[in-house]
>>> print(open('structure27.cif').read())   # mmCIF, C-alpha atoms
data_protein
loop_
_atom_site.label_atom_id
_atom_site.label_comp_id
_atom_site.auth_asym_id
_atom_site.auth_seq_id
_atom_site.Cartn_x
_atom_site.Cartn_y
_atom_site.Cartn_z
CA MET A 4 114.73 48.13 179.77
CA PRO A 5 115.78 45.42 177.34
CA SER A 6 112.18 44.76 176.49
CA ASP A 7 111.53 48.43 175.80
CA ALA A 8 114.58 48.62 173.52
CA GLY A 9 113.44 45.55 171.65
CA ALA A 10 109.97 47.04 171.17
CA ILE A 11 111.42 50.28 169.86
CA GLY A 12 113.67 48.39 167.47
CA LEU A 13 110.74 46.30 166.24
CA THR A 14 108.70 49.44 165.67
CA ILE A 15 111.46 51.03 163.66
CA VAL A 16 111.79 47.91 161.53
CA LEU A 17 108.05 47.86 160.89
CA ILE A 18 108.08 51.54 159.89
CA VAL A 19 110.99 50.97 157.50
CA LEU A 20 109.25 47.94 156.07
CA ILE A 21 106.03 49.91 155.49
CA ILE A 22 107.96 52.73 153.80
CA PHE A 23 109.73 50.19 151.59
CA VAL A 24 106.43 48.59 150.60
CA LEU A 25 104.98 51.97 149.75
CA ILE A 26 107.98 52.82 147.61
CA VAL A 27 107.69 49.51 145.82
CA LEU A 28 104.00 50.07 145.16
CA VAL A 29 104.65 53.57 143.84
CA LYS A 30 107.36 52.33 141.53
CA SER A 31 105.44 49.30 140.33
CA VAL A 32 102.07 50.90 139.62
CA ARG A 33 101.97 53.60 136.95
CA ILE A 34 99.08 55.34 135.15
CA VAL A 35 99.69 56.65 131.62
CA PRO A 36 97.28 59.47 130.60
CA GLN A 37 95.45 59.54 127.28
CA ALA A 38 97.47 60.73 124.24
CA ARG A 39 100.68 59.94 126.08
CA ALA A 40 103.15 57.11 125.69
CA GLY A 41 105.95 55.81 127.88
CA VAL A 42 109.07 53.80 127.10
CA VAL A 43 110.07 51.15 129.65
CA GLU A 44 113.68 50.01 130.01
CA ARG A 45 114.51 46.81 131.87
CA LEU A 46 118.00 46.76 133.22
CA GLY A 47 118.94 49.58 130.85
CA LYS A 48 117.50 47.95 127.71
CA TYR A 49 114.33 48.81 125.82
CA GLN A 50 111.58 46.52 127.02
CA ARG A 51 108.21 47.88 125.80
CA THR A 52 106.11 51.00 125.09
CA LEU A 53 103.34 51.74 127.56
CA GLN A 54 99.92 52.65 126.22
CA PRO A 55 97.38 54.86 128.08
CA GLY A 56 95.97 53.20 131.19
CA LEU A 57 97.17 51.32 134.27
CA THR A 58 100.39 49.29 134.11
CA ILE A 59 102.57 47.31 136.54
CA LEU A 60 106.36 47.60 136.58
CA ILE A 61 108.97 45.54 138.36
CA PRO A 62 110.51 47.78 140.99
CA PHE A 63 114.24 48.48 140.75
CA VAL A 64 114.33 46.52 137.49
CA ASP A 65 112.08 48.46 135.13
CA ARG A 66 112.57 52.16 134.56
CA LEU A 67 109.93 54.38 132.94
CA LEU A 68 111.34 57.19 130.79
CA PRO A 69 109.58 60.59 130.62
CA LEU A 70 106.23 60.35 128.87
CA LEU A 71 105.95 61.50 125.26
CA ASP A 72 103.08 63.65 123.97
CA LEU A 73 101.39 61.97 120.98
CA ARG A 74 99.26 64.97 120.08
CA GLU A 75 100.10 67.21 117.13
CA GLN A 76 102.49 69.90 118.26
CA VAL A 77 103.06 73.39 116.92
CA VAL A 78 106.52 74.90 117.13
CA SER A 79 107.29 78.45 115.99
CA PHE A 80 110.92 79.03 115.15
CA PRO A 81 112.57 82.47 115.43
CA PRO A 82 113.22 84.52 112.25
CA GLN A 83 116.04 83.20 110.11
CA PRO A 84 118.09 85.32 107.66
CA VAL A 85 117.96 83.83 104.16
CA ILE A 86 119.74 85.07 101.03
CA THR A 87 117.66 85.00 97.84
CA GLU A 88 118.92 84.38 94.32
CA ASP A 89 119.22 88.13 93.67
CA ASN A 90 121.47 88.53 96.76
CA LEU A 91 118.90 90.08 99.09
CA VAL A 92 118.73 89.10 102.75
CA VAL A 93 115.19 88.40 103.94
CA SER A 94 114.00 87.37 107.39
CA ILE A 95 111.61 84.40 107.39
CA ASP A 96 109.52 83.08 110.30
CA THR A 97 108.41 79.45 110.10
CA VAL A 98 105.85 77.36 111.93
CA VAL A 99 106.06 73.55 111.91
CA TYR A 100 103.18 71.19 112.76
CA PHE A 101 104.43 67.68 113.69
CA GLN A 102 103.35 64.62 115.63
CA VAL A 103 105.20 61.78 117.33
CA THR A 104 104.10 58.52 115.73
CA ASP A 105 106.75 56.12 117.10
CA PRO A 106 107.76 56.76 120.74
CA ARG A 107 110.62 54.24 120.57
CA ALA A 108 112.22 55.91 117.51
CA ALA A 109 111.66 59.40 118.94
CA THR A 110 113.50 58.27 122.08
CA TYR A 111 116.44 56.32 120.68
CA GLU A 112 116.93 57.63 117.11
CA ILE A 113 117.35 61.31 117.95
CA ALA A 114 118.52 63.09 121.08
CA ASN A 115 116.31 66.20 120.76
CA TYR A 116 113.80 65.95 117.96
CA ILE A 117 112.49 69.53 118.37
CA GLN A 118 115.95 71.00 117.95
CA ALA A 119 116.59 68.65 115.05
CA VAL A 120 113.39 69.77 113.30
CA GLU A 121 114.35 73.42 113.80
CA GLN A 122 117.83 73.00 112.32
CA LEU A 123 116.54 70.91 109.44
CA THR A 124 113.86 73.51 108.70
CA THR A 125 116.45 76.30 108.66
CA THR A 126 118.82 74.54 106.27
CA THR A 127 116.03 73.37 103.97
CA LEU A 128 114.51 76.84 103.92
CA ARG A 129 117.82 78.37 102.87
CA ASN A 130 118.22 75.83 100.09
CA VAL A 131 114.69 76.40 98.74
CA VAL A 132 114.59 80.20 99.00
CA GLY A 133 118.17 80.50 97.76
CA GLY A 134 116.99 79.39 94.32
CA LEU A 135 114.27 82.06 94.12
CA ASN A 136 114.42 85.81 93.66
CA LEU A 137 112.62 88.17 96.02
CA GLU A 138 109.44 88.46 93.98
CA GLU A 139 109.18 84.70 93.55
CA ALA A 140 109.80 84.16 97.26
CA LEU A 141 107.02 86.60 98.16
CA THR A 142 104.50 85.08 95.74
CA SER A 143 105.40 81.36 96.05
CA ARG A 144 104.61 80.59 99.66
CA ASP A 145 102.56 77.51 98.83
CA GLN A 146 105.38 76.13 96.72
CA ILE A 147 107.94 76.79 99.47
CA ASN A 148 105.66 75.23 102.11
CA GLY A 149 105.21 72.11 99.99
CA GLN A 150 108.93 71.67 99.40
CA LEU A 151 109.73 72.19 103.08
CA ARG A 152 107.10 69.71 104.18
CA GLY A 153 108.32 67.07 101.72
CA VAL A 154 111.95 67.34 102.84
CA LEU A 155 111.11 67.46 106.56
CA ASP A 156 108.65 64.57 106.44
CA GLU A 157 111.15 62.39 104.60
CA ALA A 158 114.00 63.23 106.99
CA THR A 159 112.01 62.93 110.23
CA GLY A 160 110.27 59.69 109.29
CA ARG A 161 113.07 57.56 110.73
CA TRP A 162 112.86 59.60 113.94
CA GLY A 163 109.28 58.50 114.51
CA ILE A 164 107.93 61.98 113.68
CA ARG A 165 105.41 62.97 111.02
CA VAL A 166 105.49 66.57 109.76
CA SER A 167 101.95 67.51 108.71
CA ARG A 168 102.34 71.18 107.78
CA VAL A 169 104.97 73.85 107.38
CA GLU A 170 103.89 77.49 107.16
CA LEU A 171 105.82 80.68 106.55
CA LYS A 172 104.55 83.25 109.04
CA ALA A 173 106.30 86.24 107.50
CA ILE A 174 108.86 87.13 104.84
CA ASP A 175 110.40 90.49 105.70
CA PRO A 176 112.70 92.06 103.08
CA PRO A 177 115.08 94.91 104.03
CA LEU A 178 113.57 98.32 104.80
CA SER A 179 115.04 99.90 101.67
CA ILE A 180 113.47 97.19 99.53
CA GLN A 181 110.15 97.64 101.33
CA ASP A 182 110.20 101.38 100.55
CA SER A 183 110.97 100.67 96.89
CA MET A 184 108.18 98.10 96.73
CA GLU A 185 105.71 100.53 98.29
CA LYS A 186 106.66 103.23 95.76
CA GLN A 187 106.30 100.73 92.94
CA MET A 188 102.90 99.61 94.17
CA ARG A 189 101.78 103.22 94.60
CA ALA A 190 102.86 104.05 91.06
CA GLU A 191 101.10 100.94 89.77
CA ARG A 192 97.88 101.89 91.57
CA ASP A 193 98.10 105.45 90.20
CA ARG A 194 98.61 104.06 86.69
CA ARG A 195 95.61 101.76 87.02
CA ALA A 196 93.50 104.61 88.37
CA ALA A 197 94.50 106.82 85.42
CA ILE A 198 93.68 104.01 82.98
CA LEU A 199 90.29 103.41 84.58
CA THR A 200 89.53 107.15 84.56
CA ALA A 201 90.47 107.40 80.88
CA GLU A 202 88.39 104.35 80.03
CA GLY A 203 85.45 105.81 81.95
CA THR A 204 85.75 109.15 80.14
CA LYS A 205 86.01 107.38 76.80
CA GLN A 206 82.99 105.22 77.52
CA SER A 207 81.04 108.27 78.67
CA GLN A 208 81.87 110.15 75.47
CA ILE A 209 80.93 107.14 73.37
CA LEU A 210 77.61 106.80 75.15
CA THR A 211 76.97 110.55 74.85
CA ALA A 212 77.71 110.51 71.11
CA GLU A 213 75.56 107.44 70.68
CA GLY A 214 72.72 109.15 72.53
CA GLN A 215 73.05 112.29 70.43
CA ARG A 216 73.08 110.23 67.25
CA GLN A 217 69.97 108.33 68.32
CA ALA A 218 68.29 111.62 69.26
CA ALA A 219 69.18 113.15 65.88
CA ILE A 220 67.87 110.07 64.07
CA LEU A 221 64.64 110.16 66.04
CA ALA A 222 64.28 113.92 65.46
CA ALA A 223 64.86 113.49 61.71
CA GLU A 224 62.34 110.65 61.60
CA GLY A 225 59.88 112.84 63.50
CA ASP A 226 60.41 115.76 61.11
CA ALA A 227 60.01 113.47 58.12
CA LYS A 228 56.79 112.03 59.45
CA ALA A 229 55.53 115.53 60.31
CA ALA A 230 56.38 116.77 56.81
CA ILE A 231 54.61 113.78 55.29
CA LEU A 232 51.57 114.42 57.43
CA ARG A 233 51.58 118.14 56.54
CA ALA A 234 51.96 117.31 52.86
CA ASP A 235 49.11 114.82 53.10
CA GLY A 236 46.98 117.44 54.86
CA GLU A 237 47.75 120.12 52.26
CA SER A 238 47.10 117.64 49.47
CA GLN A 239 43.74 116.76 50.93
CA ALA A 240 42.93 120.46 51.46
CA ILE A 241 43.88 121.31 47.85
CA GLN A 242 41.87 118.37 46.63
CA LYS A 243 38.84 119.54 48.59
CA VAL A 244 39.22 123.13 47.32
CA PHE A 245 39.65 121.88 43.80
CA ASP A 246 36.56 119.72 44.10
CA ALA A 247 34.59 122.61 45.61
CA ILE A 248 35.65 124.97 42.84
CA HIS A 249 34.68 122.53 40.12
CA LYS A 250 31.40 121.82 41.80
CA GLY A 251 30.67 125.58 41.97
CA ASN A 252 31.43 125.97 38.23
CA PRO A 253 33.19 129.40 38.57
CA THR A 254 33.39 131.76 35.62
CA GLN A 255 36.58 133.03 34.06
CA LYS A 256 35.98 136.45 35.52
CA LEU A 257 35.77 135.11 39.08
CA LEU A 258 38.98 133.12 38.71
CA ALA A 259 40.81 136.16 37.35
CA TYR A 260 39.62 138.26 40.22
CA GLN A 261 40.73 135.70 42.81
CA TYR A 262 44.09 135.44 41.07
CA LEU A 263 44.66 139.18 41.41
CA GLN A 264 43.74 139.09 45.08
CA THR A 265 46.33 136.36 45.71
CA LEU A 266 49.23 138.23 44.08
CA PRO A 267 49.72 140.79 46.94
CA LYS A 268 49.88 137.96 49.46
CA LEU A 269 52.63 136.33 47.47
CA ALA A 270 54.57 139.60 47.33
CA ASN A 271 54.29 140.21 51.10
CA GLY A 272 56.05 136.96 51.99
CA SER A 273 59.31 137.46 53.96
CA SER A 274 61.12 134.89 51.88
CA ASN A 275 60.01 136.23 48.49
CA LYS A 276 62.76 138.44 47.15
CA LEU A 277 61.93 137.79 43.50
CA TRP A 278 58.69 136.50 42.00
CA ILE A 279 57.74 135.87 38.40
CA ILE A 280 54.42 136.69 36.86
CA PRO A 281 53.26 133.89 34.57
CA SER A 282 52.12 134.56 30.99
CA GLU A 283 48.53 133.87 31.91
CA VAL A 284 48.45 137.12 33.93
CA GLY A 285 47.95 139.10 30.75
CA GLU A 286 44.94 137.09 29.81
CA ALA A 287 43.64 137.45 33.34
CA LEU A 288 44.14 141.23 33.30
CA LYS A 289 42.49 141.41 29.91
CA GLY A 290 39.50 139.56 31.24
CA ILE A 291 39.39 141.85 34.29
CA GLY A 292 39.59 144.88 31.98
CA ASN A 293 36.69 143.61 29.99
CA VAL A 294 34.77 143.08 33.17
CA LEU A 295 35.58 146.54 34.41
CA GLY A 296 34.77 148.01 30.96
CA ASP A 297 31.42 146.32 30.90
CA ALA A 298 30.72 147.53 34.40
CA THR A 299 31.63 151.14 33.42
CA ALA A 300 29.46 150.98 30.32
CA ASP A 301 26.55 149.71 32.36
CA THR A 302 27.03 152.54 34.85
CA ALA A 303 27.10 155.17 32.07
CA ARG A 304 24.00 153.85 30.48
CA ASN A 305 22.26 153.94 33.80
CA ASP A 306 23.33 157.54 34.30
CA GLU A 307 22.17 158.58 30.83
CA THR A 308 18.90 156.87 31.39
CA ALA A 309 18.45 158.71 34.59
CA GLY A 310 19.31 162.11 32.92
CA THR A 311 17.04 161.81 29.87
CA GLY A 312 14.05 160.74 31.74
CA PRO A 313 10.95 162.99 32.29
CA VAL A 314 11.59 166.05 34.43
#
>>> encode(input="structure27.cif", output="structure tokens")
Amino acid sequence: MPSDAGAIGLTIVLIVLIIFVLIVLVKSVRIVPQARAGVVERLGKYQRTLQPGLTILIPFVDRLLPLLDLREQVVSFPPQPVITEDNLVVSIDTVVYFQVTDPRAATYEIANYIQAVEQLTTTTLRNVVGGLNLEEALTSRDQINGQLRGVLDEATGRWGIRVSRVELKAIDPPLSIQDSMEKQMRAERDRRAAILTAEGTKQSQILTAEGQRQAAILAAEGDAKAAILRADGESQAIQKVFDAIHKGNPTQKLLAYQYLQTLPKLANGSSNKLWIIPSEVGEALKGIGNVLGDATADTARNDETAGTGPV
């Protein structure tokens, strides 16, 4: 019996010893993942910062604090009411991009750096937007982002945090102001549409008048050229007739006869309400009378000759 009790006691001691060794190994060997960092305290005092990889700690002497994420983090803060310079309350959503650059400072210089960044963003946002009216706040997002980033980066530098970007997700004015802005924008769009329509109508009328003027100029030029061509044709025709008449050597009697034949044609014209007989008509009629008289005398002589001849 005593030997059995001793064996059981020895077994229990061995089991306890094995468990103790395992605990020591677990506490002494730690693996830090990539993009993480750990702060080691030795007897309650900062000892070193662990880098990614395998590390050995002294059990029950060294204590590893929770690992810190060294990657860039994105935190979206809830909407914050902000009063503008013209006493309007707007709701602004912000997004902050930051990264832990010094694990030791992020651990010992600030208790909760995410909460600190949120509160600092809220106060800075109220200071910046409080100096702007509503229209400037809506149209100056880049300026507001730059001012926020500058203030936050300067304040969080001693906390081991680098603020890379600050973005305003939304700026929501009151509903009454939104309705007024929509009406204003609608009126502005209607005004621009009316101006564009008027400018289009004006331009169309100008182009139409310009086209009509060009058409009238071209038509006048065409008529002038046609008149010149007709005049040239009539001139050439008259010249040819004149040459033909002179070549034929007409007598005075023939010219007088042709003149009398032309007078009825002149009188029948639709545009001739009054026409004047030149002084040469008398001479022409006299010549025609002589011609007719000579013709009558010749006819009488022929008749007498025929009557006095042998029966």
>>> residues_around(input="structure27.cif", residues="Tyr49 (chain A)", least_positions_apart="6", cutoff="12 Å", atoms="all atoms listed in the file", output="PyMOL selection string")
chain A and resi 41-43+64-68+106-108+110-111
>>> residues_near_point(input="structure27.cif", point="(109.0, 63.1, 120.6)", cutoff="8 Å", atoms="only C-alpha atoms", output="ChimeraX atom specification")
/A:71-73,102-103,106,109-110,115-117,163-164
>>> closest_residue(input="structure27.cif", among="A:Glu121, A:Glu88, A:Ala196, A:Pro176", to="Asn136 (chain A)", atoms="only C-alpha atoms")
A:Glu88
>>> closest_residue(input="structure27.cif", among="A:Ser167, A:Thr211, A:Thr124, A:Gln239", to="Tyr100 (chain A)", atoms="only C-alpha atoms")
A:Ser167
>>> residues_around(input="structure27.cif", residues="Thr126 (chain A)", least_positions_apart="2", cutoff="12 Å", atoms="all atoms listed in the file", output="list in words")
Gln83, Pro84, Val85, Ile86, Ala119, Val120, Glu121, Gln122, Leu123, Thr124, Leu128, Arg129, Asn130, Val131, Val132, Gly133, Leu151, Val154 and Leu155 of chain A
>>> closest_residue(input="structure27.cif", among="A:Arg165, A:Arg39, A:Arg152, A:Arg192", to="Leu53 (chain A)", atoms="all atoms listed in the file")
A:Arg39
>>> closest_residue(input="structure27.cif", among="A:Asp145, A:Leu20, A:Asn90, A:Leu60", to="Arg45 (chain A)", atoms="only C-alpha atoms")
A:Leu60
>>> atom_distance(input="structure27.cif", atom1="CA of Val92 (chain A)", atom2="CA of Asp193 (chain A)")
29.2 Å
>>> atom_distance(input="structure27.cif", atom1="CA of Ala190 (chain A)", atom2="CA of Ser143 (chain A)")
23.4 Å
>>> atom_distance(input="structure27.cif", atom1="CA of Lys228 (chain A)", atom2="CA of Val244 (chain A)")
24.1 Å
>>> residues_around(input="structure27.cif", residues="Ile174 (chain A)", least_positions_apart="5", cutoff="10 Å", atoms="all atoms listed in the file", output="MDAnalysis selection string")
chainID A and resid 82:85 93:97 137 140:141 144
